Amino acid sequence: MATKNRTEVTEFMLLGLSSRSEMQPVIFGIVLIMYLMAVTGNTLLVLVACSDPKLQTPMYFLLSQLSLIDISLTTITVPQMLVHTLSVDRSISYNRCMIQLFFFMAVGSMEGHLLAAMAYDRYVAICDPLRYSAIVSHNLCLRITLTSWVVVSLNSLLYSLLVTRLTFCGNQVTHFFCDITPLLKLSCTRPVVNEILIFTEGVAVVVSPFFFILGSYVCIGVAIARMHSVAALSKALSTCGSHILVVLLLYGSVIRMYLKPSSSYHLDQDRQVAIFYTVVTPMLNPLIYSLRNQDVKGALRRLFRRLCISGNFQPDSQANEKCQHKS
């Protein structure tokens with residue numbers, strides 16, 4: 001293949017999930033349903049976390065931030081993919097591709113940092129419950145969130161700038177969005193600097209939250225093992241169960257996709273993992289946190305009751321009675 005100068009690549013062609021034309025309507029329908037479920041579910045979680053007085057705690061502030069991240073992550077990639085699925089023109093300009101890469105990496109990395117903050121919240125709540133209110137506050141969670149945004153944004157900017165310095169030998173991206181691994185595959189020479197960065201600085205920024213989470217749960221496990229109350233043990237396990245499941249979903253995908261040399265990149269397998277990471281996981285997270293959490297389920301019922309009452313023209317007492325009967 002003839003080598004092309006980097007500046008000659010003015011646009012990329014996103015090949016999508018499948019090249020089979022008969023599969024495009026099926027892919028469009030399935031992904032659209034999952035996208036709408038992800039956005040709706042996470043929006044409801046944000047609404048109840050912000051509006052319900054019983055959920056005005058640091059834990060639910062972090063949960064609302066996680067839901068915003070899931071909405072952003074899937075919206076960065078999926079609407080464009082849906083348009084390209086039913087379109088002949090699947091091109092994306094060079095600048096738009098780099099912008100998408102920046103935001104995807106920043107938002108994706110931020111999810112791990114939020115999960116680490118949530119693990120610390122659970123650690124303090126279980127291991128030092130008497131001092132929980134003094135240690136974990138809204139102000140602390142806000143500072144953690146803002147600091148994490150600065151770190152992941154700088155990390156994403158560094159990756160994006162390094163990609164812009166590559167010389168590309170083609171413009172066909174075997175993916176449904178601009179991700180770093182398929183872009184590295186288009187490089188005319190092996191991107192050694194980028195790969196070294198992924199396994200050093202990338203591990204520090206992206207994977208270090210995972211090790212922090214592991215450490216937190218080791219301490220939580222020790223604390224749970226010392227509990228003599230069955231009720232306290234059950235509450236601790238139920239509190240951590242949803243979070244552990246979300247962590248496994250996230251990092252199982254991240255490690256599978258990114259922490260390997262570009263030479264071992266498998267096109268079809270990694271596209272499947274990417275659709276799981278960008279669509280399926282954001283769709284499942286609200287279900288995981290709502291189905292296993294009595295506080296969230298109670299807040300959702302109260303939200304629907306308020307919406308039901310506001311949509312009735314009967315006197316408040318009659319409307320409230322009817323809505324309570326429905327709920």
# chains A, B, ... in the order shown; residues from 1 in each chain; ligands from 1
call {"tool": "residues_around", "arguments": {"residues": "region 220-224 of chain A", "least_positions_apart": "6", "cutoff": "12 Å", "atoms": "only C-alpha atoms", "output": "MDAnalysis selection string"}}
result
chainID A and resid 119:129 213:214 230:240 244
call {"tool": "write_last_selection", "arguments": {"atoms": "C-alpha atoms", "output": "compact mmCIF listing (two decimals), in the first residue's frame"}}
result
# COMPACT_ATOMS: atom_id res chain seq x y z
CA ALA A 119 -15.66 2.33 46.21
CA TYR A 120 -14.06 4.73 48.70
CA ASP A 121 -17.52 5.86 49.77
CA ARG A 122 -18.54 2.24 50.44
CA TYR A 123 -15.24 1.58 52.24
CA VAL A 124 -15.81 4.43 54.69
CA ALA A 125 -19.50 3.56 55.13
CA ILE A 126 -18.70 -0.05 56.09
CA CYS A 127 -15.28 0.21 57.76
CA ASP A 128 -15.74 3.52 59.62
CA PRO A 129 -19.51 4.19 59.76
CA ILE A 213 -11.18 -0.36 43.90
CA LEU A 214 -9.57 -3.76 44.54
CA VAL A 230 -26.30 -11.22 60.10
CA ALA A 231 -28.34 -8.09 59.34
CA ALA A 232 -25.20 -5.92 59.13
CA LEU A 233 -23.49 -8.51 56.94
CA SER A 234 -26.48 -8.70 54.58
CA LYS A 235 -26.70 -4.91 54.32
CA ALA A 236 -22.99 -4.59 53.56
CA LEU A 237 -23.15 -7.22 50.83
CA SER A 238 -26.26 -5.71 49.21
CA THR A 239 -24.67 -2.26 49.31
CA CYS A 240 -21.55 -3.44 47.45
CA ILE A 244 -18.96 -4.75 42.04
call {"tool": "residues_around", "arguments": {"residues": "Ser87 (chain A)", "least_positions_apart": "2", "cutoff": "12 Å", "atoms": "only C-alpha atoms", "output": "PDB file with N, CA and C atoms, in the first residue's frame"}}
result
ATOM      1  N   LEU A  14     -15.773   5.269   8.313  1.00  0.00           N
ATOM      2  CA  LEU A  14     -16.087   4.341   9.397  1.00  0.00           C
ATOM      3  C   LEU A  14     -16.870   3.167   8.818  1.00  0.00           C
ATOM      4  N   LEU A  15     -16.302   1.975   8.888  1.00  0.00           N
ATOM      5  CA  LEU A  15     -16.908   0.809   8.243  1.00  0.00           C
ATOM      6  C   LEU A  15     -18.061   0.214   9.044  1.00  0.00           C
ATOM      7  N   GLY A  16     -18.214   0.612  10.312  1.00  0.00           N
ATOM      8  CA  GLY A  16     -19.363   0.173  11.096  1.00  0.00           C
ATOM      9  C   GLY A  16     -19.196  -1.214  11.678  1.00  0.00           C
ATOM     10  N   SER A  21     -25.101  -5.650   3.963  1.00  0.00           N
ATOM     11  CA  SER A  21     -26.182  -4.664   3.813  1.00  0.00           C
ATOM     12  C   SER A  21     -27.498  -5.150   4.408  1.00  0.00           C
ATOM     13  N   GLN A  24     -27.970  -4.282   8.162  1.00  0.00           N
ATOM     14  CA  GLN A  24     -27.993  -2.899   8.634  1.00  0.00           C
ATOM     15  C   GLN A  24     -29.311  -2.513   9.321  1.00  0.00           C
ATOM     16  N   PRO A  25     -30.495  -2.842   8.760  1.00  0.00           N
ATOM     17  CA  PRO A  25     -31.740  -2.496   9.473  1.00  0.00           C
ATOM     18  C   PRO A  25     -31.865  -3.194  10.815  1.00  0.00           C
ATOM     19  N   PHE A  28     -29.525  -1.429  13.197  1.00  0.00           N
ATOM     20  CA  PHE A  28     -30.107  -0.123  13.512  1.00  0.00           C
ATOM     21  C   PHE A  28     -31.195  -0.244  14.574  1.00  0.00           C
ATOM     22  N   GLN A  80     -24.142   8.812  15.766  1.00  0.00           N
ATOM     23  CA  GLN A  80     -23.393   8.798  14.509  1.00  0.00           C
ATOM     24  C   GLN A  80     -23.436   7.419  13.871  1.00  0.00           C
ATOM     25  N   MET A  81     -23.293   6.351  14.680  1.00  0.00           N
ATOM     26  CA  MET A  81     -23.334   5.002  14.146  1.00  0.00           C
ATOM     27  C   MET A  81     -24.698   4.695  13.535  1.00  0.00           C
ATOM     28  N   LEU A  82     -25.770   5.156  14.179  1.00  0.00           N
ATOM     29  CA  LEU A  82     -27.111   4.910  13.656  1.00  0.00           C
ATOM     30  C   LEU A  82     -27.305   5.587  12.302  1.00  0.00           C
ATOM     31  N   VAL A  83     -26.790   6.803  12.158  1.00  0.00           N
ATOM     32  CA  VAL A  83     -26.890   7.509  10.878  1.00  0.00           C
ATOM     33  C   VAL A  83     -26.107   6.772   9.805  1.00  0.00           C
ATOM     34  N   HIS A  84     -24.887   6.340  10.140  1.00  0.00           N
ATOM     35  CA  HIS A  84     -24.055   5.649   9.166  1.00  0.00           C
ATOM     36  C   HIS A  84     -24.612   4.283   8.795  1.00  0.00           C
ATOM     37  N   THR A  85     -25.345   3.657   9.716  1.00  0.00           N
ATOM     38  CA  THR A  85     -25.877   2.317   9.446  1.00  0.00           C
ATOM     39  C   THR A  85     -26.828   2.320   8.257  1.00  0.00           C
ATOM     40  N   ASP A  89     -22.996   7.162   2.713  1.00  0.00           N
ATOM     41  CA  ASP A  89     -21.812   7.945   3.083  1.00  0.00           C
ATOM     42  C   ASP A  89     -21.503   7.731   4.561  1.00  0.00           C
ATOM     43  N   ARG A  90     -20.400   7.087   4.843  1.00  0.00           N
ATOM     44  CA  ARG A  90     -19.989   6.824   6.222  1.00  0.00           C
ATOM     45  C   ARG A  90     -18.727   7.600   6.589  1.00  0.00           C
ATOM     46  N   SER A  91     -18.531   8.716   5.973  1.00  0.00           N
ATOM     47  CA  SER A  91     -17.316   9.487   6.200  1.00  0.00           C
ATOM     48  C   SER A  91     -17.455  10.380   7.431  1.00  0.00           C
TER      49      SER A  91
END
call {"tool": "select_by_dssp", "arguments": {"residues": "region 74-213 of chain A", "states": "strand (DSSP E)", "output": "ChimeraX atom specification"}}
result
/A:91-93,172-173
call {"tool": "closest_residue", "arguments": {"among": "A:Leu157, A:Leu32, A:Cys219, A:Val9", "to": "Ser187 (chain A)", "atoms": "only C-alpha atoms"}}
result
A:Val9
call {"tool": "atom_distance", "arguments": {"atom1": "CA of Ala134 (chain A)", "atom2": "CA of Leu66 (chain A)"}}
result
23.2 Å
call {"tool": "closest_residue", "arguments": {"among": "A:Val247, A:Leu86, A:Val207, A:Ala117", "to": "Ser18 (chain A)", "atoms": "only C-alpha atoms"}}
result
A:Leu86
call {"tool": "residues_around", "arguments": {"residues": "region 33-40 of chain A", "least_positions_apart": "6", "cutoff": "6 Å", "atoms": "only C-alpha atoms", "output": "list of chain:residue names"}}
result
A:Ile71, A:Pro282, A:Met283
call {"tool": "residues_around", "arguments": {"residues": "Asn155 (chain A)", "least_positions_apart": "6", "cutoff": "10 Å", "atoms": "only C-alpha atoms", "output": "ChimeraX atom specification"}}
result
/A:102,105-106,109,149,201-202,205-206
call {"tool": "residues_around", "arguments": {"residues": "Asn171 (chain A)", "least_positions_apart": "4", "cutoff": "7 Å", "atoms": "only C-alpha atoms", "output": "ChimeraX atom specification"}}
result
/A:9,11-13
call {"tool": "atom_distance", "arguments": {"atom1": "CA of Leu250 (chain A)", "atom2": "CA of Arg301 (chain A)"}}
result
28.4 Å
call {"tool": "closest_residue", "arguments": {"among": "A:Arg302, A:His175, A:His243, A:Arg131", "to": "Gln272 (chain A)", "atoms": "only C-alpha atoms"}}
result
A:His175
call {"tool": "closest_residue", "arguments": {"among": "A:Leu115, A:Leu197, A:Cys308, A:Ile27", "to": "Leu63 (chain A)", "atoms": "only C-alpha atoms"}}
result
A:Leu115
call {"tool": "select_by_dssp", "arguments": {"residues": "region 36-148 of chain A", "states": "alpha helix (DSSP H)", "output": "ChimeraX atom specification"}}
result
/A:36-51,58-85,94-127,132-135,138-148
call {"tool": "atom_distance", "arguments": {"atom1": "CA of Gly29 (chain A)", "atom2": "CA of Thr74 (chain A)"}}
result
15.6 Å
call {"tool": "closest_atom_pairs", "arguments": {"of": "region 12-83 of chain A", "to": "region 286-296 of chain A", "cutoff": "9 Å", "atoms": "only C-alpha atoms", "output": "tab-separated table"}}
result
residue	atom	partner	partner_atom	distance
A:Ala38	CA	A:Pro286	CA	7.7
A:Gly41	CA	A:Pro286	CA	5.5
A:Asn42	CA	A:Pro286	CA	5.7
A:Leu44	CA	A:Pro286	CA	8.5
A:Leu45	CA	A:Pro286	CA	6.8
A:Val48	CA	A:Val296	CA	7.6
A:Ala49	CA	A:Val296	CA	8.1
A:Lys54	CA	A:Asp295	CA	7.9
A:Leu55	CA	A:Asp295	CA	7.5
A:Leu63	CA	A:Tyr289	CA	8.8
A:Ser67	CA	A:Pro286	CA	7.6
call {"tool": "closest_residue", "arguments": {"among": "A:Leu140, A:Leu130, A:Ile92, A:Leu68", "to": "Met110 (chain A)", "atoms": "only C-alpha atoms"}}
result
A:Leu68
call {"tool": "closest_residue", "arguments": {"among": "A:Val152, A:Ile255, A:Leu62, A:Ile135", "to": "Val46 (chain A)", "atoms": "only C-alpha atoms"}}
result
A:Leu62
